[in-house]
Amino acid sequence: MVLRQLTLERSAGRRSRRSSTRNMHLVVFAALAALAAAAPQAQFDEYGNVIEQKQPEIRIVNQYFEQDGKGNYEYGYEQDNGQKVEEVGRSYPGSEPETGSISKEGSFEYVGPDQRTYRVDYRADEGGFQPEADHLPVGPDQIPEYEQLRQEHPELFVGAFWLNN
């Protein structure tokens, strides 16, 4: 009986090692497949020679960066391909040294593959990154039951800064 139990335990151990080895092979195979899919794809002419694809040269038309000694800053740039970026950052010191927060507001513009210019305005602070643009999807309105829950049980929402503002 003891011999049979030892044999079963060894057999189970081998199965678990085989299963681990099989899983490891699967993970390695998946990683290699992902790596191959992400590799740049070359294009060839009719003779099998690689066709070099040069990226267009993009020039900076305008740029600026200003910063005060308190951590506040403004920066922006514009490129000749239609891309523009502007951002203002404001630092708010905390009550303790090395604490505080920063808020950022800005926008960026780019020309899409459809040759239309897209603009995104944003704010980033304790409430997270909050983009706004006509081409971005808008989340649904909150369900009435949620607002009722907030009023009846405010203790559930203590510390959720973005919900209380």
# chains A, B, ... in the order shown; residues from 1 in each chain; ligands from 1
call {"tool": "select_by_dssp", "arguments": {"residues": "region 32-162 of chain A", "states": "strand (DSSP E)", "output": "MDAnalysis selection string"}}
result
chainID A and resid 43:44 50:51 60:67 73:79 84:93 100:111 117:125 128:132
call {"tool": "residues_around", "arguments": {"residues": "region 76-91 of chain A", "least_positions_apart": "4", "cutoff": "12 Å", "atoms": "only C-alpha atoms", "output": "PyMOL selection string"}}
result
chain A and resi 56-72+98-112+115-125
